[in-house]
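Here's entry_5.cif, which has mmCIF, C-alpha atoms:
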```cif
data_protein
loop_
_atom_site.label_atom_id
_atom_site.label_comp_id
_atom_site.auth_asym_id
_atom_site.auth_seq_id
_atom_site.Cartn_x
_atom_site.Cartn_y
_atom_site.Cartn_z
CA MET H 1495 92.12 140.74 175.99
CA GLU H 1496 95.52 140.74 174.23
CA LYS H 1497 97.12 142.30 177.30
CA ALA H 1498 95.50 139.63 179.51
CA ARG H 1499 96.71 136.91 177.16
CA ARG H 1500 100.26 138.25 177.17
CA ARG H 1501 100.35 138.42 180.96
CA LEU H 1502 98.89 134.91 181.32
CA ALA H 1503 101.37 133.59 178.75
CA SER H 1504 104.27 135.00 180.70
CA MET H 1505 102.99 133.66 184.04
CA GLU H 1506 102.26 130.19 182.69
CA ALA H 1507 105.56 129.99 180.80
CA GLU H 1508 107.51 130.77 183.96
CA PHE H 1509 105.40 128.31 185.95
CA ILE H 1510 105.87 125.41 183.55
CA ARG H 1511 109.55 126.19 182.90
CA SER H 1512 110.39 126.16 186.60
CA LEU H 1513 108.42 122.94 187.15
CA LEU H 1514 110.22 121.15 184.34
CA ALA H 1515 113.61 122.46 185.45
CA GLY H 1516 112.92 121.50 189.08
CA GLY H 1517 113.38 125.13 190.19
CA PRO H 1518 114.06 127.90 190.87
CA TYR H 1519 110.36 128.59 191.30
CA PRO H 1520 108.59 131.93 190.84
CA ALA H 1521 108.60 134.24 193.85
CA GLY H 1522 105.77 133.54 196.26
CA SER H 1523 105.23 130.00 194.95
CA ASP H 1524 103.78 127.16 196.95
CA LEU H 1525 107.25 125.62 197.34
CA ARG H 1526 106.18 122.21 198.62
CA GLY H 1527 103.56 121.89 195.88
CA MET H 1528 105.99 123.01 193.17
CA GLN H 1529 108.64 120.53 194.31
CA ALA H 1530 106.09 117.71 194.50
CA THR H 1531 104.86 118.54 191.00
CA SER H 1532 108.40 118.69 189.58
CA GLN H 1533 109.06 115.27 191.10
CA LEU H 1534 105.81 113.98 189.65
CA LEU H 1535 106.68 115.19 186.14
CA ARG H 1536 110.12 113.57 186.34
CA SER H 1537 108.91 110.21 187.62
CA LYS H 1538 106.17 110.19 185.01
CA ARG H 1539 108.62 110.84 182.22
CA LEU H 1540 110.78 107.94 183.47
CA ARG H 1541 107.81 105.62 183.77
CA HIS H 1542 106.59 106.38 180.29
CA LEU H 1543 110.04 105.95 178.84
CA ALA H 1544 110.21 102.48 180.39
CA LYS H 1545 106.73 101.66 179.09
CA ALA H 1546 107.38 102.88 175.55
CA TRP H 1547 110.80 101.22 175.29
CA PRO H 1548 110.68 97.89 177.19
CA GLU H 1549 113.74 96.83 175.16
CA LEU H 1550 115.88 99.43 176.93
CA ALA H 1551 114.82 98.35 180.41
CA GLN H 1552 115.49 94.75 179.40
CA ILE H 1553 118.98 95.44 178.06
CA LEU H 1554 120.10 97.79 180.80
CA GLY H 1555 118.49 95.92 183.70
CA ASN H 1556 119.24 97.65 186.99
CA ALA H 1557 121.25 100.35 185.18
CA PHE H 1558 118.16 101.51 183.25
CA ARG H 1559 116.91 103.94 185.88
CA GLU H 1560 120.34 105.48 186.35
CA ARG H 1561 120.88 105.93 182.59
CA ALA H 1562 117.39 107.31 182.09
CA ILE H 1563 117.80 109.84 184.91
CA GLU H 1564 121.19 110.82 183.47
CA LEU H 1565 119.55 111.40 180.09
CA LEU H 1566 116.70 113.48 181.49
CA ASP H 1567 119.06 115.49 183.68
CA SER H 1568 121.42 116.26 180.81
CA ASN H 1569 118.68 117.10 178.31
CA GLY H 1570 116.36 118.57 180.91
CA LEU H 1571 112.66 117.94 181.08
CA ARG H 1572 112.18 121.18 179.22
CA GLN H 1573 113.28 119.67 175.95
CA PRO H 1574 109.97 119.06 174.18
CA ALA H 1575 109.94 115.33 173.98
CA HIS H 1576 107.70 112.37 174.36
CA ALA H 1577 108.64 108.88 175.51
CA VAL H 1578 109.47 107.70 171.99
CA GLN H 1579 111.93 110.54 171.57
CA ASP H 1580 113.49 110.03 175.00
CA GLY H 1581 113.93 106.33 174.24
CA LEU H 1582 115.36 106.99 170.81
CA THR H 1583 118.00 109.29 172.27
CA LEU H 1584 119.00 106.65 174.83
CA ALA H 1585 118.99 103.85 172.23
CA LEU H 1586 121.24 105.87 169.91
CA GLU H 1587 123.61 106.50 172.82
CA LEU H 1588 123.80 102.75 173.46
CA ARG H 1589 124.40 102.04 169.76
CA ALA H 1590 127.26 104.54 169.75
CA GLU H 1591 128.81 102.74 172.73
CA GLY H 1592 128.93 99.33 171.05
CA PRO H 1593 126.91 96.51 169.49
CA ILE H 1594 123.26 96.37 170.51
CA PRO H 1595 120.91 93.35 170.50
CA ASP H 1596 118.79 92.64 167.40
CA GLY H 1597 115.57 93.50 169.24
CA LEU H 1598 116.73 97.05 169.90
CA ARG H 1599 118.08 97.43 166.36
CA LEU H 1600 114.69 96.42 164.99
CA ARG H 1601 112.93 98.88 167.29
CA LEU H 1602 115.25 101.68 166.18
CA LEU H 1603 114.46 100.88 162.57
CA THR H 1604 110.72 100.87 163.26
CA VAL H 1605 110.87 104.24 164.98
CA GLN H 1606 112.93 105.71 162.15
CA LEU H 1607 110.32 104.50 159.66
CA ARG H 1608 107.38 105.86 161.61
CA TYR H 1609 108.74 109.22 162.73
CA ARG H 1610 110.65 112.16 161.36
CA TRP H 1611 112.49 115.03 162.99
CA GLN H 1612 110.66 118.31 162.71
CA ARG H 1613 111.70 121.48 164.50
CA GLY H 1614 113.83 119.47 166.93
CA ARG H 1615 110.99 117.13 167.80
CA LEU H 1616 110.22 113.61 166.70
CA GLN H 1617 106.87 113.66 164.88
CA PRO H 1618 104.77 110.71 163.70
CA LEU H 1619 104.87 110.40 159.91
CA ASP H 1620 101.15 109.66 159.68
CA GLY H 1621 100.26 113.21 160.66
CA ARG H 1622 99.06 112.49 164.18
CA THR H 1623 99.83 115.22 166.66
CA CYS H 1624 99.99 112.64 169.39
CA GLY H 1625 98.86 109.13 170.10
CA SER H 1626 98.82 106.21 172.44
CA ARG H 1627 102.00 104.78 170.94
CA ASP H 1628 103.84 107.90 172.00
CA ALA H 1629 102.89 107.10 175.59
CA TRP H 1630 103.79 110.65 176.61
CA TRP H 1631 100.33 111.78 175.67
CA SER H 1632 98.51 108.64 176.69
CA ARG H 1633 95.67 108.85 179.18
CA SER H 1634 97.73 107.66 182.10
CA ALA H 1635 100.48 110.11 181.25
CA PHE H 1636 98.32 112.75 182.86
CA ARG H 1637 98.03 110.95 186.14
CA ASP H 1638 100.29 109.67 188.81
CA MET F 1441 71.99 85.69 190.84
CA ARG F 1442 69.19 86.96 188.57
CA TRP F 1443 67.80 89.26 191.26
CA MET F 1444 71.22 90.89 191.58
CA TRP F 1445 71.24 91.79 187.90
CA ARG F 1446 67.69 93.15 188.20
CA LEU F 1447 68.72 95.26 191.19
CA ARG F 1448 71.74 96.50 189.26
CA ARG F 1449 69.61 97.49 186.26
CA LEU F 1450 67.13 99.21 188.56
CA ARG F 1451 69.92 101.19 190.21
CA VAL F 1452 71.33 102.23 186.86
CA ARG F 1453 67.90 103.35 185.67
CA MET F 1454 67.74 105.59 188.73
CA MET F 1455 70.19 107.91 187.03
CA LYS F 1456 68.50 110.18 184.52
CA THR F 1457 70.16 109.46 181.20
CA LEU F 1458 73.63 107.98 180.98
CA GLY F 1459 73.77 105.66 183.96
CA LEU F 1460 76.93 103.90 185.02
CA GLY F 1461 79.90 104.11 182.65
CA ILE F 1462 83.60 103.50 182.32
CA GLY F 1463 86.58 104.98 180.51
CA TRP F 1464 87.18 102.79 177.46
CA ARG F 1465 90.77 101.49 177.33
CA PRO F 1466 92.10 98.75 175.03
CA GLU F 1467 93.29 96.82 178.10
CA LEU F 1468 89.74 96.79 179.48
CA ALA F 1469 87.90 96.25 176.20
CA LEU F 1470 86.87 92.66 176.91
CA ALA F 1471 85.70 93.35 180.45
CA ILE F 1472 83.76 96.38 179.22
CA GLU F 1473 82.06 94.37 176.47
CA ARG F 1474 81.02 91.73 179.01
CA ARG F 1475 79.72 94.12 181.65
CA ALA F 1476 75.92 94.01 181.59
CA GLY F 1477 73.91 97.20 181.91
CA LEU F 1478 76.77 99.58 181.15
CA GLY F 1479 75.24 102.96 180.35
CA PHE F 1480 78.06 104.66 178.47
CA VAL F 1481 81.76 104.72 177.69
CA GLU F 1482 84.16 107.64 177.59
CA VAL F 1483 86.83 107.56 174.88
CA THR F 1484 90.08 109.54 174.99
CA ALA F 1485 90.40 111.48 171.74
CA GLU F 1486 94.22 111.56 171.75
CA ASN F 1487 94.33 107.77 171.75
CA ILE F 1488 92.05 107.37 168.74
CA ARG F 1489 93.26 107.30 165.17
CA LEU F 1490 90.41 107.94 162.78
CA ASP F 1491 91.84 105.50 160.24
CA ASN F 1492 92.21 102.75 162.80
CA ILE F 1493 89.39 102.73 165.33
CA PRO F 1494 89.62 99.63 167.55
CA PRO F 1495 87.05 97.01 166.47
CA ALA F 1496 85.93 96.47 170.08
CA LEU F 1497 85.05 100.16 170.30
CA THR F 1498 83.24 100.06 166.96
CA ARG F 1499 81.19 97.12 168.28
CA MET F 1500 80.20 99.14 171.38
CA VAL F 1501 79.07 102.02 169.16
CA GLY F 1502 77.20 99.56 166.91
CA ARG F 1503 75.38 98.19 169.94
CA GLY F 1504 74.17 101.70 170.67
CA VAL F 1505 76.24 102.29 173.80
CA PRO F 1506 76.48 106.09 174.17
CA VAL F 1507 79.96 107.55 173.80
CA ILE F 1508 81.48 110.67 175.34
CA VAL F 1509 84.73 111.92 173.83
CA HIS F 1510 87.26 113.20 176.33
CA GLY F 1511 90.17 115.46 175.41
CA LEU F 1512 93.45 115.85 177.29
CA SER F 1513 95.60 118.22 175.34
CA LEU F 1514 93.51 121.23 174.25
CA SER F 1515 95.01 123.36 177.03
CA LEU F 1516 91.86 125.44 177.41
CA GLY F 1517 93.44 127.17 180.39
CA GLY F 1518 96.40 128.31 178.27
CA ALA F 1519 97.15 131.82 177.13
CA GLU F 1520 96.59 130.94 173.49
CA ARG F 1521 93.42 129.84 171.80
CA PRO F 1522 93.21 126.03 171.42
CA ASP F 1523 95.27 124.53 168.62
CA PRO F 1524 92.94 124.14 165.58
CA ARG F 1525 94.44 120.74 164.70
CA ARG F 1526 93.73 119.32 168.14
CA LEU F 1527 90.27 120.86 168.13
CA ASP F 1528 89.58 119.44 164.70
CA HIS F 1529 90.68 115.97 165.82
CA LEU F 1530 88.42 116.16 168.86
CA ALA F 1531 85.49 117.21 166.67
CA ARG F 1532 86.14 114.47 164.12
CA VAL F 1533 86.40 111.73 166.76
CA ALA F 1534 83.13 112.97 168.30
CA GLU F 1535 81.42 112.86 164.91
CA ARG F 1536 82.81 109.45 163.99
CA LEU F 1537 81.75 107.85 167.28
CA GLY F 1538 78.39 109.62 167.37
CA ALA F 1539 79.29 111.24 170.70
CA ARG F 1540 76.62 113.25 172.44
CA LEU F 1541 79.14 115.24 174.46
CA VAL F 1542 82.81 116.25 174.46
CA SER F 1543 84.71 116.99 177.65
CA GLU F 1544 88.01 118.67 178.46
CA HIS F 1545 89.83 120.02 181.50
CA LEU F 1546 90.07 123.37 183.19
CA ALA F 1547 93.86 123.23 182.90
CA PHE F 1548 96.83 124.18 180.78
CA VAL F 1549 99.43 121.72 179.49
CA ARG F 1550 101.81 123.92 177.48
CA ALA F 1551 103.26 127.42 177.61
CA GLY F 1552 106.27 129.26 176.22
CA GLY F 1553 107.22 126.32 174.00
CA ASP F 1554 107.28 123.88 176.90
CA GLU F 1555 105.03 120.86 177.06
CA ALA F 1556 104.23 119.48 180.53
CA GLY F 1557 102.48 116.26 179.46
CA HIS F 1558 100.44 116.88 182.58
CA LEU F 1559 97.33 118.86 183.47
CA LEU F 1560 98.43 121.99 185.33
CA PRO F 1561 96.19 124.36 187.30
CA VAL F 1562 95.34 127.82 186.00
CA PRO F 1563 95.86 130.97 188.04
CA ARG F 1564 92.46 131.75 189.54
CA THR F 1565 92.34 135.45 188.75
CA ARG F 1566 89.67 137.56 187.03
CA GLU F 1567 92.13 138.32 184.23
CA ALA F 1568 92.87 134.64 183.56
CA LEU F 1569 89.17 133.89 183.68
CA GLU F 1570 88.54 136.34 180.81
CA VAL F 1571 91.07 134.52 178.64
CA ILE F 1572 89.72 131.07 179.49
CA VAL F 1573 86.13 132.13 178.84
CA ASP F 1574 87.25 133.24 175.37
CA ASN F 1575 89.15 129.97 174.78
CA VAL F 1576 86.16 127.88 175.77
CA ALA F 1577 83.79 129.95 173.62
CA TRP F 1578 86.20 129.49 170.69
CA ALA F 1579 86.32 125.70 171.21
CA LYS F 1580 82.55 125.47 171.51
CA ARG F 1581 82.13 127.18 168.14
CA ILE F 1582 84.12 124.40 166.46
CA LEU F 1583 82.88 121.36 168.38
CA PRO F 1584 79.81 119.62 166.94
CA VAL F 1585 78.34 118.71 170.34
CA PRO F 1586 78.11 120.35 173.77
CA LEU F 1587 81.25 120.71 175.87
CA ALA F 1588 81.70 119.84 179.55
CA LEU F 1589 84.66 121.05 181.64
CA GLU F 1590 86.41 118.99 184.30
CA ASN F 1591 88.04 120.08 187.55
CA ILE F 1592 91.59 118.71 187.82
CA ALA F 1593 93.69 117.26 190.64
CA THR F 1594 96.77 119.31 191.44
CA LEU F 1595 99.55 119.17 194.00
CA VAL F 1596 100.29 122.87 193.60
CA GLU F 1597 98.35 126.11 193.84
CA TRP F 1598 99.14 129.49 192.32
CA PRO F 1599 99.75 132.33 194.73
CA GLY F 1600 97.32 135.24 194.70
CA ALA F 1601 94.13 133.32 193.89
CA GLU F 1602 91.13 135.67 193.74
CA MET F 1603 88.60 132.84 193.94
CA ASP F 1604 88.44 129.33 195.32
CA GLU F 1605 88.35 126.39 192.91
CA ALA F 1606 84.59 125.83 193.02
CA SER F 1607 83.73 129.52 192.59
CA PHE F 1608 86.14 129.89 189.66
CA LEU F 1609 84.66 126.85 187.94
CA ALA F 1610 81.12 128.05 188.64
CA GLU F 1611 81.80 131.44 187.08
CA LEU F 1612 83.50 129.90 184.05
CA LEU F 1613 80.62 127.50 183.43
CA GLY F 1614 78.08 130.26 183.91
CA ARG F 1615 79.77 132.54 181.39
CA THR F 1616 80.44 129.87 178.76
CA ASP F 1617 77.29 127.79 179.11
CA ALA F 1618 79.49 124.69 179.32
CA GLY F 1619 78.51 121.59 181.27
CA LEU F 1620 80.26 120.33 184.38
CA LEU F 1621 82.25 117.13 184.33
CA PHE F 1622 82.73 116.77 188.05
CA ASP F 1623 85.68 114.60 189.03
CA VAL F 1624 84.92 113.49 192.56
CA SER F 1625 88.40 112.06 193.08
CA ASN F 1626 90.16 115.20 191.84
CA MET F 1627 88.22 117.35 194.25
CA TYR F 1628 88.82 114.87 197.05
CA ALA F 1629 92.57 114.93 196.30
CA ASN F 1630 92.80 118.74 196.27
CA ALA F 1631 90.72 119.05 199.43
CA ARG F 1632 92.75 116.46 201.27
CA ASN F 1633 96.11 117.89 200.22
CA SER F 1634 95.13 121.49 200.93
CA GLY F 1635 93.05 120.86 204.02
CA TRP F 1636 89.64 122.20 202.97
CA ASP F 1637 86.21 120.62 203.18
CA PRO F 1638 85.10 119.13 199.83
CA GLY F 1639 81.49 119.15 201.04
CA LEU F 1640 81.56 122.97 201.29
CA ALA F 1641 83.05 123.16 197.80
CA LEU F 1642 80.24 120.92 196.50
CA ALA F 1643 77.74 123.43 197.80
CA ARG F 1644 79.35 126.17 195.66
CA LEU F 1645 79.43 124.18 192.44
CA PRO F 1646 76.68 124.72 189.85
CA LEU F 1647 75.36 121.17 190.13
CA GLU F 1648 72.45 122.01 187.83
CA ARG F 1649 75.08 122.04 185.06
CA LEU F 1650 76.32 118.56 185.93
CA ALA F 1651 76.89 116.52 182.75
CA TYR F 1652 78.52 113.47 184.32
CA VAL F 1653 80.92 112.38 187.02
CA HIS F 1654 84.41 110.81 187.11
CA VAL F 1655 85.53 108.55 189.95
CA ALA F 1656 89.00 106.98 190.24
CA GLY F 1657 91.35 105.46 192.76
CA GLY F 1658 94.48 106.94 194.27
CA THR F 1659 97.08 106.48 196.96
CA MET F 1660 99.04 108.37 199.60
CA ARG F 1661 102.71 109.08 198.87
CA ASP F 1662 105.00 111.38 200.87
CA ASP F 1663 102.01 112.71 202.84
CA LEU F 1664 100.20 113.69 199.66
CA TYR F 1665 97.19 112.02 198.07
CA HIS F 1666 97.88 111.15 194.42
CA ASP F 1667 94.95 110.56 192.07
CA THR F 1668 96.63 107.67 190.26
CA HIS F 1669 93.82 105.95 188.37
CA ALA F 1670 95.88 102.85 189.14
CA HIS F 1671 94.60 101.94 192.62
CA PRO F 1672 91.20 100.86 193.91
CA ILE F 1673 88.77 103.67 194.78
CA GLY F 1674 89.17 104.55 198.44
CA ALA F 1675 86.56 105.39 201.03
CA GLY F 1676 87.16 109.15 200.69
CA PRO F 1677 86.16 109.59 197.02
CA LEU F 1678 83.23 107.18 197.50
CA ALA F 1679 81.97 109.21 200.46
CA LEU F 1680 82.21 112.39 198.38
CA LEU F 1681 80.29 110.67 195.55
CA GLU F 1682 77.62 109.68 198.06
CA ASP F 1683 77.49 113.27 199.30
CA LEU F 1684 77.08 114.49 195.72
CA CYS F 1685 74.28 111.99 195.06
CA SER F 1686 72.54 113.10 198.24
CA ARG F 1687 72.28 116.58 196.68
CA ILE F 1688 71.45 115.78 193.08
CA GLU F 1689 70.85 112.84 190.77
CA PRO F 1690 73.89 112.79 188.47
CA PRO F 1691 73.13 112.12 184.79
CA GLY F 1692 76.00 109.62 184.68
CA VAL F 1693 78.87 108.36 186.81
CA MET F 1694 81.92 106.56 185.45
CA LEU F 1695 85.03 104.77 186.61
CA GLU F 1696 88.44 105.86 185.32
CA ARG F 1697 91.14 103.21 185.39
CA ASP F 1698 94.30 103.93 183.42
CA ASP F 1699 97.05 101.73 184.76
CA ALA F 1700 97.73 98.58 186.81
CA PHE F 1701 94.64 97.13 185.17
CA PRO F 1702 92.93 94.73 187.57
CA PRO F 1703 91.30 91.36 186.84
CA GLU F 1704 87.71 91.54 185.63
CA SER F 1705 86.33 90.58 189.05
CA GLU F 1706 88.09 93.54 190.70
CA LEU F 1707 86.87 95.90 188.03
CA GLU F 1708 83.31 94.65 188.63
CA ALA F 1709 83.80 95.24 192.35
CA GLU F 1710 84.91 98.82 191.65
CA LEU F 1711 81.80 99.46 189.56
CA ASP F 1712 79.63 97.87 192.24
CA ALA F 1713 81.18 100.14 194.89
CA ILE F 1714 80.31 103.16 192.75
CA GLU F 1715 76.73 101.93 192.36
CA LEU F 1716 76.43 101.42 196.08
CA ALA F 1717 77.62 104.97 196.79
CA ILE F 1718 75.07 106.29 194.28
CA THR F 1719 72.29 104.24 195.85
CA ARG F 1720 73.20 105.39 199.36
CA GLY F 1721 73.36 109.02 198.26
CA SER F 1722 69.99 108.74 196.49
CA ALA F 1723 68.46 107.25 199.64
CA ARG F 1724 69.77 110.21 201.67
CA ARG F 1725 68.34 112.60 199.10
CA GLY F 1726 64.99 110.92 199.58
CA ARG F 1727 65.17 111.94 203.23
CA ARG F 1728 65.97 115.55 202.35
CA PRO F 1729 62.77 116.91 200.81
CA GLU F 1730 64.08 120.47 200.50
CA LEU F 1731 66.65 119.27 197.95
CA MET F 1732 64.03 117.29 196.04
CA VAL F 1733 61.92 120.44 195.77
CA ARG F 1734 64.89 122.48 194.55
CA GLN F 1735 65.66 119.98 191.80
CA ALA F 1736 62.05 119.90 190.67
#
```
Step by step, read the file and then write its structure as structure tokens.
Amino acid sequence: MEKARRRLASMEAEFIRSLLAGGPYPAGSDLRGMQATSQLLRSKRLRHLAKAWPELAQILGNAFRERAIELLDSNGLRQPAHAVQDGLTLALELRAEGPIPDGLRLRLLTVQLRYRWQRGRLQPLDGRTCGSRDAWWSRSAFRD
Amino acid sequence: MRWMWRLRRLRVRMMKTLGLGIGWRPELALAIERRAGLGFVEVTAENIRLDNIPPALTRMVGRGVPVIVHGLSLSLGGAERPDPRRLDHLARVAERLGARLVSEHLAFVRAGGDEAGHLLPVPRTREALEVIVDNVAWAKRILPVPLALENIATLVEWPGAEMDEASFLAELLGRTDAGLLFDVSNMYANARNSGWDPGLALARLPLERLAYVHVAGGTMRDDLYHDTHAHPIGAGPLALLEDLCSRIEPPGVMLERDDAFPPESELEAELDAIELAITRGSARRGRRPELMVRQA
């Protein structure tokens, strides 16, 4: 059983890593299906970022999509993150670039009060492993 | 109008235990509370905080509406045994809501430190099956109520599959004594995208293990059918539901709607369309005595 688990772990790790990175895919893969799934994961991540942080979409307007894609491409989808963490990274970038509106400052404060960094990942302070507020793990996050 | 409600109740009673249900979402809470004759609701465990259960959901439970708790993130198809914290949360939510059943997916969502945030297919090999059987057995030992496993929608297949989807699921359910949560729309999506006949797959599924059924809407994008849960249910999934109901009387059938929430009237129309497909399927079953005998 341990041997089977190790082999499955290796196969699934390569599968998920290549999907999140958008390739290269394991030899013999269903290329069209892998590409479609990579695209699905990326568009989902963008959609959930927009949903979890409406303030960012409001402030950036048409530039939101471009900035969000830039963020995901530079960090990579592999970075274990949920929508709150993605949005926090982008909001901190905007704050570093200049003054930000009060609404976004308030949201930043709220997130900092509710979450803490743990092993490179933003974790809810109330001990939840996940939740609807994180959006990344919400029901619709699993669909497209 | 009264006769319509009577007909609706009669149709719902035609299903053995659960009847017609819906996935409980905060955005749909009011419409769900107002829907007459609703047999059950399915609640997503990851969206429930035990210290802050939505009052509308508590009212449903108080009214005696049966609840099924549905998990998303156990990763039963993963190489590691399910995370005890996630399993514990699932068990606690089930206990708190008095659920009669818990369901999860035949899928993995994390591996090698990466988190997909998406249900991914498992390699359909004998070796993987051994691991998943062990994972499911482990989960069942902790959960306070029976477990049902759901087939997922996927745009990708692993190379080197040793079994087709239905046969793999059948063997897993047989070896773990788990129930079947059959997602009509997921099977429709996979069949359509891969070009196989979902009716033939239905024939290979262990329908005697059927716990309940999911139905949802989807859309075509870039020549692929996407099971979005954000569009109205199309003719394809409804036809497959009818086919299913022509073979067996499902214990319960429910609508999943997770985004682009429609007005109440459209939601009602979706539920009515599901009921109609069930009724049509049941009528066809009535004309197929050999299936009636097999069920008896």
Anything within 10 Å of (118.2, 99.2, 180.3): list those residues as an MDAnalysis selection string, counting all atoms listed in the file and sticking to the file's coordinates. chainID H and resid 1544 1547:1562 1584:1585 1588
Once you count only C-alpha atoms, which residues of chain F turn out to be within 9 Å of chain H? Could you give them as a PyMOL selection string? chain F and resi 1484-1489+1512-1513+1518-1520+1525-1526+1548-1560+1562-1563+1567-1568+1570-1571+1574+1593-1600+1658+1664+1666-1670+1697-1699
Between CA of Leu1546 (chain F) and CA of Arg1615 (chain F), what is the distance in Å, rounded to a tenth?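 Taking CA of Leu1546 (chain F) as the start and CA of Arg1615 (chain F) as the end point, the length is 13.9 Å.
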Residues matched by the PyMOL selection byres ((chain F and resi 1642) around 10), written as a list in words: Ala1606, Phe1622, Val1624, Met1627, Asp1637, Pro1638, Gly1639, Leu1640, Ala1641, Ala1643, Arg1644, Leu1645, Pro1646, Leu1647, Leu1680, Asp1683, Leu1684 and Arg1687 of chain F
May I have the protein, DNA and RNA residues with an atom at most 9 Å from (76.7, 120.6, 186.1), counting all atoms listed in the file in the file's coordinates, returned as an NGL selection string? :F and (1588 or 1613 or 1618-1622 or 1645-1652 or 1690)
Run the PyMOL selection byres ((chain F and resi 1693) around 7) on the file and write out the hits as a list in words.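 For this structure, the PyMOL selection byres ((chain F and resi 1693) around 7) captures Gly1459, Leu1460, Gly1461, Tyr1652, Val1653, His1654, Pro1690, Gly1692 and Met1694 of chain F.
Interatomic distance, CA of Val1533 (chain F) against CA of Val1483 (chain F): 9.1 Å.
Run against this file, the PyMOL selection byres ((chain F and resi 1678) around 10) gives back Val1624, Ser1625, Tyr1628, Val1655, Ala1656, Gly1657, Ile1673, Gly1674, Ala1675, Gly1676, Pro1677, Ala1679, Leu1680, Leu1681, Glu1682, Asp1683, Leu1684, Ala1713, Ile1714, Glu1715, Leu1716, Ala1717 and Ile1718 of chain F.
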Nearest to Ser1607 (chain F): which of F:Asn1633, F:Asn1591, F:Leu1707, F:Val1505 is it, counting only C-alpha atoms?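 That would be F:Asn1591, the residue with the smallest distance to Ser1607 (chain F).
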For CA of Pro1703 (chain F) and CA of Pro1466 (chain F), quote the distance in Å rounded to one decimal. 14.0 Å
Top pick for closest residue to Asn1630 (chain F), considering F:Asp1523, F:Glu1605, F:Glu1706, F:Glu1590 and counting only C-alpha atoms: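 Of F:Asp1523, F:Glu1605, F:Glu1706, F:Glu1590, the one nearest Asn1630 (chain F) is F:Glu1605, counting only C-alpha atoms.
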Looking at only C-alpha atoms, which of H:Glu1587, H:Leu1543, H:Leu1582, H:Gln1617 is the one that sits closest to Leu1602 (chain H)?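 Under the stated criterion, the closest residue is H:Leu1582.
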